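**Student:** Structure file final.txt, compact mmCIF, C-alpha atoms, is pasted below:
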```txt
# COMPACT_ATOMS: atom_id res chain seq x y z
CA MET A 1 -1.95 34.65 -20.55
CA ASP A 2 -1.84 35.81 -16.93
CA LYS A 3 -0.30 33.40 -14.49
CA LYS A 4 -2.37 32.29 -11.52
CA THR A 5 -0.55 32.82 -8.23
CA THR A 6 -0.72 30.40 -5.31
CA ASN A 7 0.70 31.25 -1.90
CA SER A 8 2.00 28.59 0.46
CA LYS A 9 4.79 28.13 2.97
CA VAL A 10 6.68 25.23 1.40
CA LEU A 11 7.14 23.87 -2.11
CA ILE A 12 8.22 20.22 -2.41
CA ILE A 13 9.76 19.17 -5.72
CA GLY A 14 9.15 15.45 -6.17
CA GLY A 15 6.13 13.33 -5.27
CA GLY A 16 7.87 10.07 -4.46
CA VAL A 17 8.15 8.43 -1.07
CA THR A 18 10.34 11.22 0.37
CA GLY A 19 8.21 14.07 -0.95
CA LEU A 20 4.99 12.48 0.29
CA SER A 21 6.50 11.74 3.71
CA THR A 22 7.69 15.33 3.96
CA ALA A 23 4.28 16.76 3.11
CA VAL A 24 2.48 14.47 5.55
CA ASN A 25 4.84 15.38 8.38
CA LEU A 26 4.61 19.09 7.61
CA ASP A 27 0.84 18.71 7.77
CA MET A 28 1.08 17.22 11.27
CA LEU A 29 3.18 20.24 12.25
CA GLY A 30 0.52 22.60 10.91
CA ILE A 31 2.48 23.75 7.84
CA ASP A 32 0.89 23.89 4.39
CA SER A 33 2.78 22.67 1.34
CA ILE A 34 2.58 22.14 -2.40
CA ILE A 35 3.99 19.00 -4.05
CA ILE A 36 5.17 19.38 -7.65
CA GLU A 37 5.48 16.04 -9.46
CA LYS A 38 6.63 15.86 -13.09
CA THR A 39 4.92 12.53 -13.85
CA SER A 40 1.18 11.92 -14.07
CA GLU A 41 0.81 10.43 -10.57
CA MET A 42 2.29 10.55 -7.11
CA GLY A 43 4.27 7.69 -5.59
CA GLY A 44 7.53 7.52 -7.52
CA LYS A 45 9.22 4.16 -8.02
CA VAL A 46 8.14 2.65 -4.69
CA LYS A 47 4.52 2.33 -5.83
CA GLU A 48 5.71 -0.38 -8.24
CA TYR A 49 7.48 -2.52 -5.63
CA SER A 50 5.75 -5.73 -4.54
CA ARG A 51 7.71 -6.05 -1.32
CA ILE A 52 10.54 -4.02 0.16
CA PHE A 53 13.45 -5.10 2.32
CA PRO A 54 14.30 -6.09 4.97
CA ASP A 55 10.82 -6.89 6.37
CA PHE A 56 9.09 -7.59 3.02
CA ARG A 57 6.30 -5.07 3.51
CA SER A 58 4.36 -3.97 0.44
CA GLY A 59 5.81 -0.86 -1.18
CA LYS A 60 2.43 -0.23 -2.81
CA ASN A 61 0.69 -0.18 0.56
CA ILE A 62 3.20 2.26 2.05
CA ILE A 63 2.69 4.67 -0.83
CA GLN A 64 -1.09 4.28 -0.74
CA GLU A 65 -1.14 5.09 2.97
CA LEU A 66 0.84 8.28 2.34
CA ILE A 67 -1.37 9.27 -0.62
CA ASP A 68 -4.50 8.73 1.46
CA LYS A 69 -3.13 11.09 4.11
CA VAL A 70 -2.33 13.67 1.42
CA LYS A 71 -5.89 13.47 0.07
CA GLN A 72 -7.35 13.89 3.56
CA SER A 73 -5.33 17.03 4.30
CA SER A 74 -6.47 20.54 3.45
CA ARG A 75 -2.90 21.80 3.88
CA ILE A 76 -1.33 19.70 1.11
CA LYS A 77 -1.83 20.56 -2.57
CA PRO A 78 -0.50 17.89 -4.95
CA VAL A 79 0.20 18.99 -8.52
CA VAL A 80 1.09 16.37 -11.15
CA SER A 81 2.43 16.48 -14.73
CA THR A 82 4.23 19.70 -13.84
CA PHE A 83 7.81 20.91 -13.51
CA ILE A 84 9.37 24.20 -12.46
CA THR A 85 10.71 26.58 -15.11
CA SER A 86 12.18 29.47 -13.10
CA VAL A 87 12.95 30.44 -9.52
CA GLU A 88 13.45 33.94 -8.09
CA ARG A 89 13.88 35.07 -4.49
CA ILE A 90 12.40 38.42 -3.51
CA ASN A 91 12.42 39.73 0.07
CA GLY A 92 12.76 36.28 1.59
CA THR A 93 10.06 34.68 -0.59
CA TYR A 94 10.67 32.37 -3.53
CA SER A 95 8.61 33.01 -6.64
CA VAL A 96 8.47 29.77 -8.62
CA LEU A 97 7.05 29.56 -12.14
CA ALA A 98 5.84 26.14 -13.28
CA SER A 99 5.01 24.51 -16.59
CA ASN A 100 1.27 24.60 -15.76
CA ASN A 101 1.44 28.40 -16.16
CA LYS A 102 1.09 29.00 -12.43
CA LYS A 103 3.28 30.94 -10.02
CA TYR A 104 3.90 29.65 -6.52
CA ASN A 105 5.07 32.01 -3.79
CA VAL A 106 6.72 30.07 -0.96
CA ARG A 107 9.12 30.68 1.89
CA ALA A 108 11.05 27.43 1.51
CA ILE A 109 11.73 24.82 -1.16
CA ILE A 110 12.47 21.16 -0.50
CA LEU A 111 14.12 19.16 -3.26
CA ALA A 112 13.08 15.48 -3.09
CA CYS A 113 13.35 14.37 -6.71
CA GLY A 114 14.86 10.93 -6.06
CA PHE A 115 17.08 9.04 -8.49
CA GLU A 116 17.26 7.35 -11.87
CA VAL A 117 18.45 3.84 -12.64
CA PHE A 118 21.50 3.08 -14.75
CA ASN A 119 20.82 2.33 -18.43
CA ALA A 120 21.99 -1.28 -18.74
CA ARG A 121 22.38 -0.90 -22.51
CA LEU A 122 25.64 0.93 -21.78
CA GLN A 123 27.16 -2.38 -20.62
CA GLU A 124 26.91 -4.02 -24.02
CA GLU A 125 28.53 -7.28 -22.91
CA TYR A 126 25.35 -8.18 -21.03
CA GLY A 127 23.06 -7.93 -24.05
CA TYR A 128 20.35 -5.88 -22.39
CA GLY A 129 17.96 -4.58 -25.04
CA VAL A 130 19.23 -7.26 -27.45
CA TYR A 131 18.25 -10.52 -25.73
CA PRO A 132 14.64 -10.55 -24.45
CA ASN A 133 15.51 -12.78 -21.50
CA VAL A 134 18.09 -10.33 -20.15
CA ILE A 135 16.12 -7.87 -18.03
CA ASN A 136 16.95 -5.26 -15.41
CA SER A 137 16.04 -5.36 -11.73
CA LEU A 138 13.07 -2.99 -12.08
CA GLU A 139 11.60 -5.23 -14.74
CA LEU A 140 12.07 -8.23 -12.47
CA GLU A 141 10.33 -6.27 -9.72
CA SER A 142 7.39 -5.65 -12.07
CA MET A 143 7.22 -9.36 -12.84
CA LEU A 144 7.17 -10.18 -9.14
CA SER A 145 4.58 -7.49 -8.47
CA ALA A 146 2.27 -8.53 -11.30
CA ASP A 147 1.58 -11.98 -9.90
CA GLU A 148 2.54 -12.38 -6.25
CA GLU A 149 1.58 -16.05 -6.12
CA GLY A 150 2.35 -17.32 -9.60
CA ILE A 151 5.38 -18.37 -11.56
CA LEU A 152 7.76 -16.20 -13.55
CA LEU A 153 7.41 -16.32 -17.33
CA ARG A 154 10.23 -15.73 -19.82
CA PRO A 155 9.73 -12.55 -21.86
CA SER A 156 10.80 -14.29 -25.08
CA ASP A 157 8.29 -17.13 -25.20
CA GLY A 158 6.14 -17.08 -22.06
CA LYS A 159 7.57 -20.34 -20.75
CA PRO A 160 7.99 -20.78 -16.97
CA ALA A 161 11.38 -19.61 -15.72
CA LYS A 162 13.11 -21.56 -12.97
CA ARG A 163 16.81 -21.00 -13.66
CA MET A 164 17.55 -17.42 -12.64
CA ALA A 165 20.78 -15.42 -12.57
CA ILE A 166 21.14 -12.04 -10.90
CA VAL A 167 24.17 -9.91 -11.79
CA PHE A 168 25.10 -7.35 -9.12
CA CYS A 169 26.76 -3.93 -9.56
CA VAL A 170 25.60 -3.20 -13.11
CA GLY A 171 26.51 0.44 -13.66
CA SER A 172 28.02 0.87 -10.19
CA ARG A 173 31.64 0.75 -8.98
CA SER A 174 32.86 1.35 -12.51
CA LYS A 175 35.31 4.11 -13.41
CA ARG A 176 34.91 3.17 -17.07
CA LEU A 177 31.24 4.05 -16.95
CA GLY A 178 31.81 7.15 -14.82
CA ASN A 179 30.10 5.69 -11.74
CA PRO A 180 32.87 4.68 -9.33
CA TYR A 181 30.56 4.77 -6.29
CA CYS A 182 28.63 1.92 -4.69
CA SER A 183 24.85 2.31 -5.02
CA ARG A 184 24.53 0.87 -1.48
CA ILE A 185 21.17 -0.85 -1.81
CA CYS A 186 21.62 -3.12 -4.84
CA CYS A 187 22.97 -6.12 -2.90
CA SER A 188 20.01 -5.94 -0.54
CA TYR A 189 17.20 -5.42 -3.04
CA SER A 190 18.62 -8.15 -5.30
CA THR A 191 18.81 -10.54 -2.35
CA LYS A 192 15.20 -9.63 -1.54
CA GLN A 193 14.23 -10.54 -5.10
CA ALA A 194 16.13 -13.84 -4.90
CA ILE A 195 14.23 -14.71 -1.71
CA GLU A 196 10.89 -13.91 -3.34
CA ILE A 197 11.70 -16.21 -6.26
CA MET A 198 12.75 -19.09 -4.02
CA GLU A 199 9.70 -18.71 -1.78
CA ARG A 200 7.33 -18.76 -4.76
CA ILE A 201 9.10 -21.45 -6.75
CA PRO A 202 10.68 -23.93 -4.31
CA ASP A 203 12.38 -25.91 -7.10
CA ALA A 204 13.88 -22.78 -8.66
CA SER A 205 17.62 -22.19 -8.94
CA VAL A 206 18.89 -18.66 -8.29
CA THR A 207 22.55 -17.72 -8.76
CA CYS A 208 23.85 -14.27 -7.77
CA PHE A 209 27.11 -13.00 -9.28
CA TYR A 210 28.63 -10.33 -7.04
CA ILE A 211 31.80 -8.30 -6.47
CA ASP A 212 31.32 -7.85 -2.71
CA ILE A 213 28.21 -8.34 -0.61
CA ARG A 214 27.36 -5.10 1.19
CA THR A 215 24.34 -5.54 3.45
CA TYR A 216 25.03 -2.85 5.99
CA ASP A 217 21.81 -1.97 7.81
CA ARG A 218 19.80 -3.63 10.55
CA GLY A 219 18.10 -6.77 9.28
CA PHE A 220 19.97 -6.77 5.96
CA GLU A 221 22.63 -9.29 6.95
CA GLU A 222 19.97 -11.59 8.36
CA MET A 223 18.12 -11.36 5.04
CA TYR A 224 21.32 -12.35 3.21
CA GLN A 225 21.76 -15.35 5.51
CA TYR A 226 18.14 -16.37 4.99
CA ALA A 227 18.63 -16.30 1.21
CA GLN A 228 21.50 -18.75 1.54
CA GLU A 229 19.40 -20.99 3.75
CA LEU A 230 16.77 -21.08 1.00
CA GLY A 231 19.43 -22.24 -1.46
CA VAL A 232 20.35 -19.02 -3.27
CA LYS A 233 23.87 -19.46 -4.68
CA TYR A 234 26.37 -16.61 -4.45
CA VAL A 235 29.35 -16.56 -6.83
CA ARG A 236 32.00 -13.93 -6.21
CA GLY A 237 33.08 -12.74 -9.62
CA ARG A 238 32.37 -10.33 -12.44
CA VAL A 239 30.28 -11.52 -15.38
CA SER A 240 32.24 -11.05 -18.59
CA GLU A 241 29.52 -11.88 -21.09
CA CYS A 242 25.90 -12.89 -21.57
CA SER A 243 24.90 -14.51 -24.87
CA ALA A 244 21.66 -16.02 -26.15
CA LEU A 245 21.29 -19.61 -27.30
CA PRO A 246 18.93 -20.53 -30.17
CA ASN A 247 16.14 -21.50 -27.75
CA GLY A 248 16.35 -18.18 -25.88
CA ASP A 249 18.37 -19.46 -22.91
CA ILE A 250 21.09 -17.10 -21.70
CA HIS A 251 24.66 -18.36 -21.41
CA VAL A 252 26.60 -16.51 -18.71
CA ARG A 253 30.39 -16.48 -18.52
CA ALA A 254 32.17 -15.20 -15.41
CA GLU A 255 35.25 -15.64 -13.28
CA ASN A 256 35.07 -16.94 -9.73
CA THR A 257 37.51 -14.53 -8.08
CA LEU A 258 37.62 -16.58 -4.86
CA LEU A 259 38.81 -19.73 -6.62
CA GLY A 260 40.47 -18.09 -9.61
CA ASN A 261 38.50 -20.28 -12.00
CA PRO A 262 36.21 -19.43 -14.91
CA VAL A 263 32.55 -20.32 -14.34
CA GLN A 264 29.59 -20.47 -16.67
CA GLY A 265 25.93 -21.37 -16.59
CA ILE A 266 22.75 -21.45 -18.63
CA PHE A 267 19.69 -19.61 -17.35
CA ASP A 268 16.09 -18.92 -18.32
CA ILE A 269 16.32 -15.27 -17.26
CA VAL A 270 19.24 -13.04 -16.29
CA SER A 271 18.38 -9.97 -14.21
CA LEU A 272 20.82 -7.06 -14.09
CA SER A 273 20.94 -5.22 -10.75
CA VAL A 274 21.26 -1.73 -12.15
CA GLY A 275 22.82 0.91 -9.95
CA MET A 276 21.36 4.27 -9.05
CA MET A 277 22.17 7.63 -10.60
CA PRO A 278 21.18 11.26 -9.93
CA CYS A 279 17.68 12.22 -11.08
CA ALA A 280 17.43 12.97 -14.79
CA ASP A 281 16.81 16.70 -14.33
CA ALA A 282 19.44 17.21 -11.62
CA ASP A 283 21.56 19.51 -13.76
CA ASN A 284 18.63 21.75 -14.68
CA LEU A 285 17.38 21.90 -11.08
CA ALA A 286 20.83 22.77 -9.77
CA LYS A 287 20.98 25.72 -12.21
CA LEU A 288 17.45 26.92 -11.49
CA LEU A 289 17.98 26.81 -7.72
CA SER A 290 21.64 27.89 -7.75
CA ILE A 291 22.75 24.97 -5.60
CA GLU A 292 25.74 22.65 -5.88
CA ARG A 293 26.33 19.06 -6.96
CA SER A 294 29.28 16.85 -6.09
CA GLU A 295 31.55 15.08 -8.56
CA ASP A 296 29.31 12.01 -8.65
CA GLY A 297 26.35 14.18 -9.69
CA PHE A 298 24.35 13.99 -6.46
CA PHE A 299 23.39 17.19 -4.65
CA THR A 300 25.74 18.64 -2.06
CA ARG A 301 24.66 19.45 1.48
CA LYS A 302 25.93 22.48 3.35
CA ASP A 303 27.36 20.24 6.07
CA SER A 304 26.61 16.51 5.94
CA PHE A 305 27.09 16.21 9.71
CA LEU A 306 25.62 19.38 11.21
CA SER A 307 23.27 20.57 8.44
CA PRO A 308 22.30 17.45 6.47
CA HIS A 309 19.24 19.03 4.83
CA ASP A 310 20.58 22.54 4.13
CA THR A 311 22.06 23.71 0.85
CA VAL A 312 24.38 26.66 0.36
CA ARG A 313 21.33 28.75 -0.51
CA GLU A 314 19.08 29.91 2.30
CA GLY A 315 15.58 28.49 2.24
CA ILE A 316 16.36 25.56 -0.06
CA PHE A 317 16.62 22.11 1.49
CA LEU A 318 17.34 18.53 0.41
CA ALA A 319 15.84 15.20 1.39
CA GLY A 320 15.98 11.59 0.21
CA SER A 321 18.20 9.80 -2.25
CA LEU A 322 19.12 12.85 -4.29
CA THR A 323 22.06 13.37 -1.89
CA GLY A 324 23.15 9.73 -2.23
CA LEU A 325 21.41 6.38 -2.38
CA LYS A 326 19.63 5.09 0.70
CA PRO A 327 16.95 2.53 1.61
CA ILE A 328 13.26 3.41 1.50
CA LYS A 329 12.93 3.57 5.29
CA ASP A 330 15.77 6.13 5.39
CA CYS A 331 13.93 8.23 2.79
CA LEU A 332 10.83 8.12 5.00
CA LEU A 333 12.92 9.19 7.99
CA GLU A 334 14.42 12.07 6.01
CA GLY A 335 10.90 13.23 5.20
CA MET A 336 10.34 13.47 8.95
CA SER A 337 13.64 15.13 9.77
CA VAL A 338 13.53 17.73 7.00
CA SER A 339 10.02 18.67 8.20
CA SER A 340 11.46 19.49 11.62
CA ARG A 341 14.24 21.48 9.99
CA ILE A 342 11.71 23.46 7.94
CA THR A 343 9.64 24.16 11.06
CA ALA A 344 12.69 25.61 12.80
CA TYR A 345 13.63 27.64 9.72
CA LEU A 346 10.15 29.14 9.29
CA GLY A 347 9.92 29.90 13.01
CA LYS A 348 13.23 31.69 12.96
CA ASN A 349 12.45 33.68 9.81
CA LYS A 350 8.92 34.92 10.49
```
Show how you would write the structure in this file as structure tokens.
**Tutor:**
Amino acid sequence: MDKKTTNSKVLIIGGGVTGLSTAVNLDMLGIDSIIIEKTSEMGGKVKEYSRIFPDFRSGKNIIQELIDKVKQSSRIKPVVSTFITSVERINGTYSVLASNNKKYNVRAIILACGFEVFNARLQEEYGYGVYPNVINSLELESMLSADEEGILLRPSDGKPAKRMAIVFCVGSRSKRLGNPYCSRICCSYSTKQAIEIMERIPDASVTCFYIDIRTYDRGFEEMYQYAQELGVKYVRGRVSECSALPNGDIHVRAENTLLGNPVQGIFDIVSLSVGMMPCADADNLAKLLSIERSEDGFFTRKDSFLSPHDTVREGIFLAGSLTGLKPIKDCLLEGMSVSSRITAYLGKNK
């Protein structure tokens, strides 16, 4: 079957918050683009977030605003349920074949495919996937998003949950698991979740088990202080084991590394703050595009200081958390900055 050819200036791989921001900003600069998204809808993970830190805005609303701008633009062509299968550069133009049996001829490609979350089943001592009341942070986010005013219900029996534990650094800062890096945003998004719980359920008890608290950006430290004012407890120490009691409660054992004493507690729900990993198809994309990845699996920039969006291959650019984890607002900013970089590149290579 003959392949239908579509001509455009820019192809964006990934329809999450970075990809949408990039397309919207390219539109304002008068540049047409195509967004290729492998899932059935645009928006990525952010469309599932009830509120984002540090100002507790709605992640859903941010995504909807971007999608509305995409729909209103004649320069942006979103394509869902599609992935690229081959890439070839001929006379300065990239010919990209996609799984929808179409060929896209473009002058530049922007990779904005985001990240994946760590599979908490790999840390067997926590019982994720075994005990219903041990969940991961994305599942907690879904619970918070589903009912913004109501109580949290235990997955095992539907009873109200008031005793909450949040375990930081699950799948991050671990040489044993092959992820020695810090995921950078876990402390902040987990603190955001703890605040949401305390604001909704004033008589709740939330205990956070952490290695180090890393709240590095503007407004993040203030959010951490606010959580403590609400009564969120922070225990410095690694959790050694989670086990289920006959009634579904979760027994947590840990060591308080500040005091050098063992600690334990019984909770209705334990949420695991899973770290971030390179996108699932990073290896395949790196091969198709002939670009490089670093030892931690994230994509490598040509020069992180002077050329933060460029790859070693001309005409292929990077944006968002695929080069390393960053907050949502930074992903939005990278959508803006890579648009400017693309404008300069296209102007130079007419």
**Student:** Report the distance between atom CA of Arg238 of chain A and atom CA of Cys169 of chain A in Å, rounded to one decimal place.
**Tutor:** 9.0 Å
**Student:** I need the residue nearest Ile63 of chain A from this list: A:Ile36, A:Val17, A:Val167, A:Ile269. Use all atoms listed in the file for the distance.
**Tutor:** A:Val17
**Student:** Please list as a PyMOL selection string every residue within 9 Å of segment 121-124 of chain A, counting all atoms listed in the file and excluding residues in the same chain fewer than 3 positions away.
**Tutor:** chain A and resi 118+127-130+170-171+177+241
**Student:** A:Val274, A:Leu140, A:Ile76, A:Ile316: which is nearest Ile291 of chain A, counting all atoms listed in the file?
**Tutor:**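 Distance minimum relative to Ile291 of chain A lands on A:Ile316.
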**Student:** Which residue is closest to Val80 of chain A? Choose from A:Pro155, A:Gly237, A:Pro202, A:Gly15 and count all atoms listed in the file.
**Tutor:**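 Among A:Pro155, A:Gly237, A:Pro202, A:Gly15, it is A:Gly15 that comes nearest to Val80 of chain A.
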**Student:** With all atoms listed in the file as the counted atoms, please give the residues lying no more than 9 Å from Leu289 of chain A, apart from itself and same-chain residues fewer than 5 positions off, as a list in words.
**Tutor:**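 Those residues are Ser86, Val87, Glu88, Asn284, Arg313 and Ile316 of chain A.
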**Student:** With distances taken over all atoms listed in the file, which residue among A:Ile13, A:Val117, A:Leu29, A:Ala108 lies nearest Pro78 of chain A?
**Tutor:**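 Nearest to Pro78 of chain A: A:Ile13.
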**Student:** Smallest atom-to-atom distance to Gln64 of chain A: which of A:Gln193, A:Ser21, A:Ser271, A:Thr300, using only C-alpha atoms?
**Tutor:**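 Distance minimum relative to Gln64 of chain A lands on A:Ser21.
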**Student:** What separation in Å, quoted to one decimal, exists between atom CA of Thr6 of chain A and atom CA of Val46 of chain A?
**Tutor:**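 Rounded to one decimal, the two atoms are 29.1 Å apart.
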**Student:** For Gly158 of chain A, work out the shell of residues within 12 Å, counting only C-alpha atoms and skipping chain neighbours fewer than 5 positions away, then give it as a compact mmCIF listing (two decimals) with C-alpha atoms, in the coordinates of the input.
**Tutor:**
```
# COMPACT_ATOMS: atom_id res chain seq x y z
CA PRO A 132 14.64 -10.55 -24.45
CA ASN A 133 15.51 -12.78 -21.50
CA ILE A 151 5.38 -18.37 -11.56
CA LEU A 152 7.76 -16.20 -13.55
CA LEU A 153 7.41 -16.32 -17.33
CA GLY A 248 16.35 -18.18 -25.88
CA ASP A 268 16.09 -18.92 -18.32
CA ILE A 269 16.32 -15.27 -17.26
```
**Student:** Can you pull out every residue within 12 Å of Pro54 of chain A, counting all atoms listed in the file, but drop anything in the same chain fewer than 5 positions away, and send it as a PyMOL selection string?
**Tutor:** chain A and resi 59+185+187-193+195-196+215-227+327-329
**Student:** Record the distance separating atom CA of Ser74 of chain A and atom CA of Ile12 of chain A, expressed in Å with one decimal.
**Tutor:**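 A separation of 15.8 Å between them.
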